[in-house]
Amino acid sequence: MKTKIWLSSPHMGGNEQNYVQEAFDTNWIAPLGPNVNAFEDSIEDYLGNSVKVAALSSGTAAIHLALELLGVSHGDEVICQTFTFSASANPITYLGGRPVFVDSERETWNISPELLEKAILDCLANGKKPKAIIAVHLYGMPYKVDEINEIAAKYNIPVIEDSAEALGSTYMNNPCSTFGAIGILSFNGNKIITTSGGGALVSENEDLKKKAVFLATQARDNAPHYEHSHIGYNYRMSNVLAGIGRGQMEVLEDRVNSRRCNFDYYKSNLAHISEIEFLEEPDGFRSNRWLSCILIPSFNVREKIRLALLEEDIESRPLWKPMHLQPVFKDCKIYVDGTSEELFQRGLCLPSGSNLQKEDLDRVIQIILKVLIHDK
Ligand SMILES: *Cc1c(COP(=O)(O)O)cnc(C)c1O
């Protein structure tokens, strides 16, 4: 029996257990402590640009806090890229806000500047200025940062940069998560590095970090007893898990390189097949290639490939189903042109873990080739 190949599995570097042991040895088994501070420091060093990082319990929590910090409340409209994972949009509804979904462009698969501006103008015409724009670097590919920032600045709307899949990606040599009013990161088990579960809020504004930590630790006012003038959350990262994060940050660059090598290997072995299309990097865009994705001409062939891989115990996954097609968001306003729907129909994420061996990738490639050749 051949071993199972996962889509994207955790890949420890070696030092994680030492930092976790440190937490045990010093009895810092709490949602604060030396590992939390050191993990934040290591991310701040990595991102540079004097950004501040607050380590949290998840990326979803980070988006929730980001929206709250930007003043989103009941009845507010928030523009969100429709082609994404549901965690980008769910927190809008936690605050009673209403998502307005905007489609992607074909070059990066991320939020379309044209449709974004159309959505903003429409909201303004209806007398309601959107409170924020959630743009996503999907699969690690940066969105069109300059174009999106220009529109956001023109209408004075803050951008929440969902960088959950893009730690290690860069745009014009600057790291993703540092381009918006607030950036967010995820360290969930399947992301490029992981703390098993975790996230972070990134901001250039130290005050925003302080406010995020305040809200994430039950919003305790400064008093000897427990005094509260705000509703708070329990969203801080555990010091035990932050130990895993410290070890993972030491190997982040290796992880990015391995994932980029996976993509290049798939491409060099499959690009000669005219039916298969890859997402290229525009000039100045550098993706961490969190997941290697391909487009196939038809849904039927896409499914044939997915099922043939499954038969061999290989996990692959259709591209994200756009939020405007999700039953739970069926009543939301949308600005779409069919782009994300087509990507969803035709796209497949291939096994992309940084711990995959060449033999694993070869197994995937052989199955894809077999299906496509058989199909002719
Ligand atoms: C994973 C992910 C999130 C949420 O992060 P969690 O840490 O799992 O809560 C948000 N947005 C995108 C695009 C993601 O892929």
# chains A, B, ... in the order shown; residues from 1 in each chain; ligands from 1
$ residues_near_ligand --ligand "ligand 1" --cutoff "9 Å" --atoms "only C-alpha atoms and all ligand atoms" --output "compact mmCIF listing (two decimals) with N, CA and C atoms, in the first residue's frame"
# COMPACT_ATOMS: atom_id res chain seq x y z
N LEU A 56 -2.40 35.82 17.87
CA LEU A 56 -3.78 35.53 18.25
C LEU A 56 -4.09 34.05 18.08
N SER A 57 -5.31 33.68 18.48
CA SER A 57 -5.68 32.27 18.47
C SER A 57 -6.00 31.74 17.07
N SER A 58 -6.29 32.63 16.13
CA SER A 58 -6.55 32.18 14.74
C SER A 58 -6.52 33.38 13.79
N GLY A 59 -6.44 33.07 12.52
CA GLY A 59 -6.55 34.11 11.50
C GLY A 59 -7.95 34.70 11.48
N THR A 60 -8.94 33.86 11.73
CA THR A 60 -10.33 34.33 11.76
C THR A 60 -10.50 35.37 12.88
N ALA A 61 -9.91 35.08 14.04
CA ALA A 61 -9.96 36.03 15.16
C ALA A 61 -9.29 37.35 14.76
N ALA A 62 -8.20 37.25 14.02
CA ALA A 62 -7.48 38.45 13.58
C ALA A 62 -8.36 39.31 12.67
N ILE A 63 -9.10 38.66 11.76
CA ILE A 63 -9.99 39.42 10.86
C ILE A 63 -11.12 40.05 11.68
N PHE A 83 -13.75 35.35 -4.15
CA PHE A 83 -12.96 34.14 -4.38
C PHE A 83 -12.00 33.97 -3.21
N THR A 84 -12.44 33.25 -2.19
CA THR A 84 -11.65 33.09 -0.97
C THR A 84 -12.25 31.99 -0.12
N PHE A 85 -11.60 31.74 0.99
CA PHE A 85 -12.10 30.83 2.02
C PHE A 85 -13.11 31.60 2.89
N SER A 86 -14.10 30.91 3.41
CA SER A 86 -15.20 31.57 4.12
C SER A 86 -14.72 32.40 5.31
N ALA A 87 -13.56 32.05 5.88
CA ALA A 87 -13.07 32.78 7.06
C ALA A 87 -12.76 34.24 6.75
N SER A 88 -12.56 34.59 5.46
CA SER A 88 -12.36 36.01 5.11
C SER A 88 -13.63 36.80 5.39
N ALA A 89 -14.77 36.18 5.13
CA ALA A 89 -16.05 36.91 5.16
C ALA A 89 -16.85 36.70 6.44
N VAL A 136 -7.56 39.62 -0.63
CA VAL A 136 -6.92 38.36 -0.24
C VAL A 136 -5.80 38.01 -1.22
N HIS A 137 -4.65 37.61 -0.69
CA HIS A 137 -3.56 37.08 -1.53
C HIS A 137 -3.80 35.57 -1.63
N LEU A 138 -4.69 35.17 -2.52
CA LEU A 138 -5.15 33.78 -2.51
C LEU A 138 -4.07 32.82 -3.02
N TYR A 139 -3.95 31.70 -2.35
CA TYR A 139 -2.94 30.68 -2.66
C TYR A 139 -1.52 31.22 -2.59
N ASP A 162 -5.92 40.21 3.82
CA ASP A 162 -5.99 38.81 4.26
C ASP A 162 -4.79 38.07 3.68
N SER A 163 -3.75 37.96 4.51
CA SER A 163 -2.49 37.35 4.10
C SER A 163 -2.34 35.96 4.72
N ALA A 164 -3.50 35.35 5.05
CA ALA A 164 -3.49 34.05 5.73
C ALA A 164 -2.71 32.99 4.93
N GLU A 165 -2.76 33.12 3.60
CA GLU A 165 -2.12 32.12 2.75
C GLU A 165 -0.80 32.63 2.18
N ALA A 166 -0.38 33.83 2.60
CA ALA A 166 0.70 34.49 1.85
C ALA A 166 1.89 34.92 2.70
N ILE A 184 -3.50 40.42 8.14
CA ILE A 184 -3.72 39.29 9.03
C ILE A 184 -2.97 38.06 8.48
N LEU A 185 -2.53 37.22 9.43
CA LEU A 185 -1.82 35.98 9.09
C LEU A 185 -2.52 34.81 9.76
N SER A 186 -2.34 33.61 9.21
CA SER A 186 -2.87 32.40 9.84
C SER A 186 -1.75 31.38 10.00
N PHE A 187 -1.80 30.68 11.13
CA PHE A 187 -0.85 29.58 11.38
C PHE A 187 -1.63 28.29 11.60
N ASN A 188 -2.73 28.13 10.86
CA ASN A 188 -3.50 26.89 10.95
C ASN A 188 -2.66 25.73 10.42
N GLY A 189 -3.11 24.50 10.71
CA GLY A 189 -2.31 23.32 10.42
C GLY A 189 -1.91 23.15 8.97
N ASN A 190 -2.68 23.68 8.03
CA ASN A 190 -2.37 23.46 6.62
C ASN A 190 -1.65 24.64 5.98
N LYS A 191 -1.35 25.68 6.73
CA LYS A 191 -0.73 26.88 6.14
C LYS A 191 0.78 26.67 5.97
N GLY A 197 -2.91 25.79 15.49
CA GLY A 197 -3.95 26.76 15.25
C GLY A 197 -3.40 28.08 15.74
N GLY A 198 -3.62 29.14 14.99
CA GLY A 198 -3.10 30.43 15.42
C GLY A 198 -3.21 31.45 14.32
N GLY A 199 -2.99 32.70 14.68
CA GLY A 199 -3.06 33.77 13.69
C GLY A 199 -2.36 34.99 14.24
N ALA A 200 -2.35 36.06 13.44
CA ALA A 200 -1.73 37.29 13.90
C ALA A 200 -2.34 38.48 13.19
$ residues_around --residues "Pro34 of chain A" --least-positions-apart "4" --cutoff "8 Å" --atoms "only C-alpha atoms" --output "list in words"
Trp28, Ala38 and Asn239 of chain A
$ write_last_selection --atoms "all heavy atoms" --output "PDB file, in the first residue's frame"
ATOM      1  N   TRP A  28       5.053  28.533  31.959  1.00  0.00           N
ATOM      2  CA  TRP A  28       4.274  29.525  31.213  1.00  0.00           C
ATOM      3  C   TRP A  28       3.251  28.800  30.326  1.00  0.00           C
ATOM      4  O   TRP A  28       3.356  28.822  29.108  1.00  0.00           O
ATOM      5  CB  TRP A  28       5.177  30.418  30.362  1.00  0.00           C
ATOM      6  CG  TRP A  28       5.809  31.546  31.115  1.00  0.00           C
ATOM      7  CD1 TRP A  28       7.102  31.619  31.543  1.00  0.00           C
ATOM      8  CD2 TRP A  28       5.188  32.772  31.528  1.00  0.00           C
ATOM      9  NE1 TRP A  28       7.332  32.800  32.194  1.00  0.00           N
ATOM     10  CE2 TRP A  28       6.168  33.535  32.202  1.00  0.00           C
ATOM     11  CE3 TRP A  28       3.879  33.296  31.399  1.00  0.00           C
ATOM     12  CZ2 TRP A  28       5.902  34.793  32.730  1.00  0.00           C
ATOM     13  CZ3 TRP A  28       3.625  34.550  31.940  1.00  0.00           C
ATOM     14  CH2 TRP A  28       4.627  35.278  32.599  1.00  0.00           C
ATOM     15  N   ALA A  38       8.434  36.404  21.955  1.00  0.00           N
ATOM     16  CA  ALA A  38       9.528  36.093  21.025  1.00  0.00           C
ATOM     17  C   ALA A  38       8.992  35.737  19.639  1.00  0.00           C
ATOM     18  O   ALA A  38       9.605  36.077  18.619  1.00  0.00           O
ATOM     19  CB  ALA A  38      10.366  34.944  21.581  1.00  0.00           C
ATOM     20  N   ASN A 239       0.990  30.447  24.961  1.00  0.00           N
ATOM     21  CA  ASN A 239       2.459  30.455  25.026  1.00  0.00           C
ATOM     22  C   ASN A 239       3.061  29.108  24.590  1.00  0.00           C
ATOM     23  O   ASN A 239       4.187  29.063  24.105  1.00  0.00           O
ATOM     24  CB  ASN A 239       2.911  30.789  26.451  1.00  0.00           C
ATOM     25  CG  ASN A 239       4.392  31.098  26.517  1.00  0.00           C
ATOM     26  OD1 ASN A 239       4.864  32.030  25.882  1.00  0.00           O
ATOM     27  ND2 ASN A 239       5.141  30.287  27.267  1.00  0.00           N
TER      28      ASN A 239
END
$ atom_distance --atom1 "atom CA of Val240 of chain A" --atom2 "atom CA of Thr217 of chain A"
16.6 Å
$ select_by_dssp --residues "segment 114-231 of chain A" --states "alpha helix (DSSP H)" --output "MDAnalysis selection string"
chainID A and resid 114:125 145:154 206:216
$ closest_residue --among "A:Ile367, A:Ser340, A:Ile273, A:Leu241" --to "Glu311 of chain A" --atoms "only C-alpha atoms"
A:Ile367
$ atom_distance --atom1 "atom CA of Glu281 of chain A" --atom2 "atom CA of Ser196 of chain A"
29.3 Å
$ closest_residue --among "A:Arg302, A:Arg259, A:Lys333, A:Lys370" --to "Phe101 of chain A" --atoms "only C-alpha atoms"
A:Lys333
$ atom_distance --atom1 "atom CA of Gly140 of chain A" --atom2 "atom CA of Leu309 of chain A"
23.5 Å
$ residues_around --residues "Leu95 of chain A" --least-positions-apart "6" --cutoff "9 Å" --atoms "only C-alpha atoms" --output "MDAnalysis selection string"
chainID A and resid 64 67:68 72:76
$ closest_residue --among "A:Leu270, A:Ala55, A:Ile43, A:Ala223" --to "Ser238 of chain A" --atoms "only C-alpha atoms"
A:Ala55
$ closest_residue --among "A:Ile334, A:Val51, A:Leu65, A:Ile151" --to "Arg98 of chain A" --atoms "only C-alpha atoms"
A:Ile334
$ residues_around --residues "segment 343-353 of chain A" --least-positions-apart "2" --cutoff "8 Å" --atoms "only C-alpha atoms" --output "ChimeraX atom specification"
/A:5-11,259,262-263,290-299,302,306,314-322,339-341,355-356,361,364
$ write_last_selection --atoms "N, CA, C and O atoms" --output "compact mmCIF listing (two decimals), in the first residue's frame"
# COMPACT_ATOMS: atom_id res chain seq x y z
N ILE A 5 -0.87 10.79 0.26
CA ILE A 5 -0.27 12.11 0.00
C ILE A 5 -1.30 13.17 0.34
O ILE A 5 -2.39 13.20 -0.22
N TRP A 6 -0.93 14.06 1.27
CA TRP A 6 -1.84 15.11 1.72
C TRP A 6 -1.69 16.36 0.87
O TRP A 6 -0.65 16.59 0.25
N LEU A 7 -2.74 17.17 0.91
CA LEU A 7 -2.70 18.44 0.17
C LEU A 7 -1.62 19.36 0.71
O LEU A 7 -0.85 19.95 -0.06
N SER A 8 -1.57 19.51 2.03
CA SER A 8 -0.64 20.47 2.64
C SER A 8 -0.53 20.12 4.11
O SER A 8 -1.39 20.48 4.90
N SER A 9 0.50 19.39 4.48
CA SER A 9 0.57 18.92 5.86
C SER A 9 1.64 19.67 6.64
O SER A 9 2.56 20.24 6.07
N PRO A 10 1.51 19.68 7.98
CA PRO A 10 2.49 20.39 8.81
C PRO A 10 3.90 19.85 8.59
O PRO A 10 4.08 18.67 8.25
N HIS A 11 4.87 20.70 8.77
CA HIS A 11 6.27 20.33 8.52
C HIS A 11 7.14 21.02 9.57
O HIS A 11 7.49 22.19 9.43
N ARG A 259 8.08 24.96 -1.44
CA ARG A 259 6.78 25.04 -2.11
C ARG A 259 6.93 25.62 -3.51
O ARG A 259 6.25 25.20 -4.44
N ASN A 262 8.09 22.82 -5.66
CA ASN A 262 6.97 21.94 -6.03
C ASN A 262 6.27 22.49 -7.27
O ASN A 262 6.01 21.76 -8.23
N PHE A 263 5.96 23.79 -7.21
CA PHE A 263 5.25 24.42 -8.33
C PHE A 263 6.06 24.28 -9.61
O PHE A 263 5.54 23.89 -10.67
N TRP A 290 1.88 28.67 -1.84
CA TRP A 290 1.31 27.87 -0.75
C TRP A 290 0.66 26.61 -1.31
O TRP A 290 0.94 25.51 -0.85
N LEU A 291 -0.22 26.79 -2.29
CA LEU A 291 -0.75 25.63 -3.01
C LEU A 291 -0.45 25.78 -4.49
O LEU A 291 -0.61 26.87 -5.06
N SER A 292 -0.02 24.69 -5.12
CA SER A 292 0.15 24.66 -6.57
C SER A 292 -1.22 24.34 -7.18
O SER A 292 -1.82 23.33 -6.84
N CYS A 293 -1.69 25.23 -8.06
CA CYS A 293 -3.02 25.05 -8.65
C CYS A 293 -2.90 24.92 -10.16
O CYS A 293 -2.03 25.54 -10.77
N ILE A 294 -3.80 24.12 -10.74
CA ILE A 294 -3.85 24.05 -12.20
C ILE A 294 -5.28 24.30 -12.66
O ILE A 294 -6.24 24.09 -11.92
N LEU A 295 -5.40 24.78 -13.91
CA LEU A 295 -6.71 24.90 -14.55
C LEU A 295 -6.78 23.90 -15.68
O LEU A 295 -5.82 23.72 -16.44
N ILE A 296 -7.93 23.24 -15.78
CA ILE A 296 -8.17 22.22 -16.80
C ILE A 296 -9.39 22.72 -17.59
O ILE A 296 -10.24 23.40 -17.02
N PRO A 297 -9.48 22.42 -18.91
CA PRO A 297 -10.55 23.04 -19.70
C PRO A 297 -11.96 22.81 -19.15
O PRO A 297 -12.78 23.71 -19.20
N SER A 298 -12.25 21.62 -18.65
CA SER A 298 -13.65 21.39 -18.26
C SER A 298 -13.77 20.84 -16.86
O SER A 298 -12.87 20.19 -16.33
N PHE A 299 -14.94 21.09 -16.28
CA PHE A 299 -15.28 20.56 -14.95
C PHE A 299 -15.18 19.04 -14.94
O PHE A 299 -14.65 18.45 -14.00
N ARG A 302 -11.64 17.92 -14.85
CA ARG A 302 -11.13 18.27 -13.51
C ARG A 302 -11.54 17.21 -12.50
O ARG A 302 -10.72 16.72 -11.71
N ARG A 306 -9.33 14.61 -10.21
CA ARG A 306 -9.45 14.60 -8.75
C ARG A 306 -9.78 13.20 -8.24
O ARG A 306 -9.19 12.72 -7.27
N ILE A 314 -4.46 10.09 -2.88
CA ILE A 314 -3.82 11.40 -3.00
C ILE A 314 -4.88 12.49 -2.86
O ILE A 314 -5.88 12.49 -3.59
N GLU A 315 -4.66 13.39 -1.92
CA GLU A 315 -5.62 14.45 -1.66
C GLU A 315 -5.39 15.64 -2.60
O GLU A 315 -4.28 16.18 -2.65
N SER A 316 -6.42 16.02 -3.34
CA SER A 316 -6.38 17.28 -4.09
C SER A 316 -7.70 17.98 -3.79
O SER A 316 -8.55 17.41 -3.13
N ARG A 317 -7.86 19.22 -4.26
CA ARG A 317 -9.06 19.95 -3.87
C ARG A 317 -9.45 20.97 -4.94
O ARG A 317 -8.57 21.64 -5.47
N PRO A 318 -10.75 21.05 -5.24
CA PRO A 318 -11.15 22.11 -6.17
C PRO A 318 -10.74 23.47 -5.61
O PRO A 318 -10.60 23.61 -4.39
N LEU A 319 -10.57 24.46 -6.48
CA LEU A 319 -10.29 25.81 -5.97
C LEU A 319 -11.47 26.25 -5.10
O LEU A 319 -12.56 25.71 -5.17
N TRP A 320 -11.23 27.30 -4.28
CA TRP A 320 -12.27 27.78 -3.36
C TRP A 320 -13.57 28.06 -4.12
O TRP A 320 -13.55 28.70 -5.17
N LYS A 321 -14.67 27.63 -3.53
CA LYS A 321 -15.98 27.98 -4.11
C LYS A 321 -16.29 29.42 -3.70
O LYS A 321 -16.30 29.74 -2.52
N PRO A 322 -16.54 30.30 -4.68
CA PRO A 322 -16.74 31.72 -4.36
C PRO A 322 -17.85 31.92 -3.33
O PRO A 322 -18.84 31.18 -3.30
N THR A 339 -15.61 35.34 -13.41
CA THR A 339 -14.22 34.89 -13.33
C THR A 339 -14.03 33.82 -12.25
O THR A 339 -13.50 32.73 -12.52
N SER A 340 -14.44 34.12 -11.02
CA SER A 340 -14.18 33.16 -9.94
C SER A 340 -15.01 31.90 -10.12
O SER A 340 -14.57 30.80 -9.76
N GLU A 341 -16.19 32.06 -10.70
CA GLU A 341 -17.04 30.87 -10.93
C GLU A 341 -16.34 29.93 -11.92
O GLU A 341 -16.32 28.71 -11.72
N ASN A 355 7.02 19.14 2.69
CA ASN A 355 7.66 17.87 3.05
C ASN A 355 7.43 16.78 2.00
O ASN A 355 7.74 15.61 2.25
N LEU A 356 6.90 17.13 0.83
CA LEU A 356 6.70 16.12 -0.22
C LEU A 356 8.04 15.77 -0.87
O LEU A 356 8.92 16.62 -1.02
N LEU A 361 5.58 13.75 -5.90
CA LEU A 361 5.16 14.63 -7.00
C LEU A 361 5.06 13.83 -8.29
O LEU A 361 4.12 14.03 -9.09
N VAL A 364 1.77 12.02 -8.51
CA VAL A 364 0.68 12.93 -8.89
C VAL A 364 0.72 13.20 -10.39
O VAL A 364 -0.30 13.10 -11.10
$ closest_atom_pairs --of "segment 4-80 of chain A" --to "segment 177-181 of chain A" --cutoff "9 Å" --atoms "only C-alpha atoms" --output "tab-separated table"
residue	atom	partner	partner_atom	distance
A:Leu47	CA	A:Thr178	CA	7.5
A:Gly48	CA	A:Thr178	CA	9.0
A:Asn49	CA	A:Thr178	CA	7.9
A:Val51	CA	A:Thr178	CA	7.4
A:Leu70	CA	A:Ala181	CA	8.9
$ write_last_selection --atoms "N, CA and C atoms" --output "short mmCIF file (atom, residue, chain, number, x, y, z; two decimals), in the first residue's frame"
data_model
loop_
_atom_site.label_atom_id
_atom_site.label_comp_id
_atom_site.auth_asym_id
_atom_site.auth_seq_id
_atom_site.Cartn_x
_atom_site.Cartn_y
_atom_site.Cartn_z
N LEU A 47 9.13 40.63 8.82
CA LEU A 47 8.37 41.53 7.95
C LEU A 47 9.07 42.87 7.78
N GLY A 48 9.87 43.28 8.78
CA GLY A 48 10.58 44.55 8.68
C GLY A 48 9.62 45.73 8.62
N ASN A 49 10.04 46.81 8.00
CA ASN A 49 9.17 47.99 7.83
C ASN A 49 8.58 48.45 9.16
N VAL A 51 6.84 47.06 11.41
CA VAL A 51 5.45 46.70 11.71
C VAL A 51 5.35 46.08 13.10
N LEU A 70 -11.55 48.78 12.96
CA LEU A 70 -11.88 49.76 11.91
C LEU A 70 -13.31 50.27 12.06
#
$ closest_residue --among "A:Ala242, A:Val102, A:Leu252, A:Ala212" --to "Glu22 of chain A" --atoms "only C-alpha atoms"
A:Ala242
$ select_by_dssp --residues "segment 250-376 of chain A" --states "strand (DSSP E)" --output "ChimeraX atom specification"
/A:277-278,285-286,292-295,317-318,333-335,347-350
$ closest_atom_pairs --of "segment 53-89 of chain A" --to "segment 107-123 of chain A" --cutoff "9 Å" --atoms "only C-alpha atoms" --output "JSON lines"
{"residue": "A:Glu77", "atom": "CA", "partner": "A:Cys123", "partner_atom": "CA", "distance": 8.3}
{"residue": "A:Ile79", "atom": "CA", "partner": "A:Ala119", "partner_atom": "CA", "distance": 7.9}
{"residue": "A:Cys80", "atom": "CA", "partner": "A:Ile111", "partner_atom": "CA", "distance": 8.3}
{"residue": "A:Gln81", "atom": "CA", "partner": "A:Ile111", "partner_atom": "CA", "distance": 5.4}
{"residue": "A:Thr82", "atom": "CA", "partner": "A:Ile111", "partner_atom": "CA", "distance": 7.9}
{"residue": "A:Phe83", "atom": "CA", "partner": "A:Asn110", "partner_atom": "CA", "distance": 7.1}
{"residue": "A:Thr84", "atom": "CA", "partner": "A:Asn110", "partner_atom": "CA", "distance": 8.7}
$ closest_residue --among "A:Met237, A:Val100, A:Leu124, A:Met249" --to "Asp331 of chain A" --atoms "only C-alpha atoms"
A:Val100
$ residues_around --residues "Glu44 of chain A" --least-positions-apart "5" --cutoff "10 Å" --atoms "only C-alpha atoms" --output "list of chain:residue names"
A:Ala38, A:Phe39, A:Asn49, A:Ser50, A:Val51, A:Lys52, A:Val53, A:Ala54, A:Val202, A:Ser203
